[in-house]
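Scroll down for the structure; my scribbles are underneath it.
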Amino acid sequence: MFRLLSDTEVALNELLVACRESVDHYQDAIKLVEQVDVANSFRDIAKRRKLFFTRLATAIRELGDLPSAPDPDKETSEMIMHHLGAALSPDYSEEALNQRISAEEHIKTLIDNTRATEINETGRTLLEDLSQHVEETIKTLSAIR
């Protein structure tokens, strides 16, 4: 049986996929950067971001949908580009920081898009917590850049 997804289901799934992709990219970037403080920050951010996976997946399931997963081919091609960039750069840290800040800004936009849907109070609390985490992440990354 085919069922149309609500705007909230679509928005939450996009947000979950972006969060999962961000963790994958942080973990991959740890291997590419030479600055220890940058690698440690990436590791810490990824660890804290993972805590949102279950909450997002639960919110999606409560709406009657199944959580989506990132496209592995898309992620692999993006990571190959990052590895090429790192191979051609004497220190890839600044570029990696710029990429991660850009990804955080994208997640911020997805949070705002999700807030614009008819989401319940539990979902709003989740979005507020995630938004705060993203804001803190941007500040951390900007400070070490």
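Order determines the names: the first chain of the structure tokens is A, the second B, and so forth; residues in each chain are numbered 1 upward, and ligands are numbered 1 upward as they are shown.
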Produce a table with one row for each residue of region 74-110 of chain A that has an atom at most 12 Å from any atom of region 9-13 of chain A, each row naming the nearest atom pair and its distance in Å at one decimal; use only C-alpha atoms; arrange rows by chain and rising residue number; format as CSV.
residue,atom,partner,partner_atom,distance
A:Ile107,CA,A:Ala11,CA,11.0
A:Thr109,CA,A:Ala11,CA,10.6
A:Leu110,CA,A:Ala11,CA,7.0
Write the selection just made, keeping N, CA and C atoms, as a short mmCIF file (atom, residue, chain, number, x, y, z; two decimals), in the first residue's frame?
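Output file part-v2.cif follows:
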data_model
loop_
_atom_site.label_atom_id
_atom_site.label_comp_id
_atom_site.auth_asym_id
_atom_site.auth_seq_id
_atom_site.Cartn_x
_atom_site.Cartn_y
_atom_site.Cartn_z
N ILE A 107 22.16 21.82 8.34
CA ILE A 107 21.33 21.18 9.37
C ILE A 107 20.46 22.23 10.06
N THR A 109 19.23 24.88 8.72
CA THR A 109 18.14 25.16 7.79
C THR A 109 17.09 24.05 7.85
N LEU A 110 17.53 22.81 7.91
CA LEU A 110 16.60 21.69 8.01
C LEU A 110 15.79 21.73 9.31
#
Checklist line | Shell around region 121-133 of chain A at 10 Å using only C-alpha atoms, local window under 4 positions removed, as a list in words | finding: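 The neighbour list is Thr8, Leu12, Leu15, Cys19, Ile45, Arg48, Arg49, Leu51, Phe52, Arg55, Leu56, Thr58, Ala59, Ile60, Glu104, Ile107, Lys108, Thr109, Leu110, Ile111, Asp112, Thr114, Arg115, Thr137, Ile138 and Lys139 of chain A.
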Keeping C-alpha atoms, export the residues of the selection given above as a short mmCIF file (atom, residue, chain, number, x, y, z; two decimals), in the first residue's frame.
data_model
loop_
_atom_site.label_atom_id
_atom_site.label_comp_id
_atom_site.auth_asym_id
_atom_site.auth_seq_id
_atom_site.Cartn_x
_atom_site.Cartn_y
_atom_site.Cartn_z
CA THR A 8 6.68 16.60 9.17
CA LEU A 12 12.31 14.77 10.14
CA LEU A 15 17.08 15.97 9.28
CA CYS A 19 22.70 14.21 11.03
CA ILE A 45 30.96 16.48 17.98
CA ARG A 48 27.34 14.03 20.86
CA ARG A 49 25.50 14.11 17.51
CA LEU A 51 22.73 10.90 20.74
CA PHE A 52 20.11 12.52 18.51
CA ARG A 55 15.30 10.59 19.32
CA LEU A 56 14.84 11.50 15.66
CA THR A 58 11.53 7.63 17.51
CA ALA A 59 9.82 10.84 16.41
CA ILE A 60 9.60 9.50 12.86
CA GLU A 104 26.08 22.52 10.23
CA ILE A 107 21.33 21.18 9.37
CA LYS A 108 20.23 24.49 10.90
CA THR A 109 18.14 25.16 7.79
CA LEU A 110 16.60 21.69 8.01
CA ILE A 111 15.72 22.31 11.66
CA ASP A 112 13.98 25.55 10.69
CA THR A 114 10.97 21.09 10.34
CA ARG A 115 9.82 23.71 12.84
CA THR A 137 29.04 23.10 17.21
CA ILE A 138 29.28 26.08 14.85
CA LYS A 139 30.80 28.20 17.63
#
Margin query: Ranking A:Gln99, A:His82, A:Ser93, A:Ala143 by minimum distance to Val36 (chain A) and counting only C-alpha atoms, which one comes first?
Written below: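 Closest to Val36 (chain A) of all the choices is A:Ser93.
For the atom pair formed by CA of Asp28 (chain A) and CA of Leu66 (chain A), the distance is 26.5 Å, given to one decimal.
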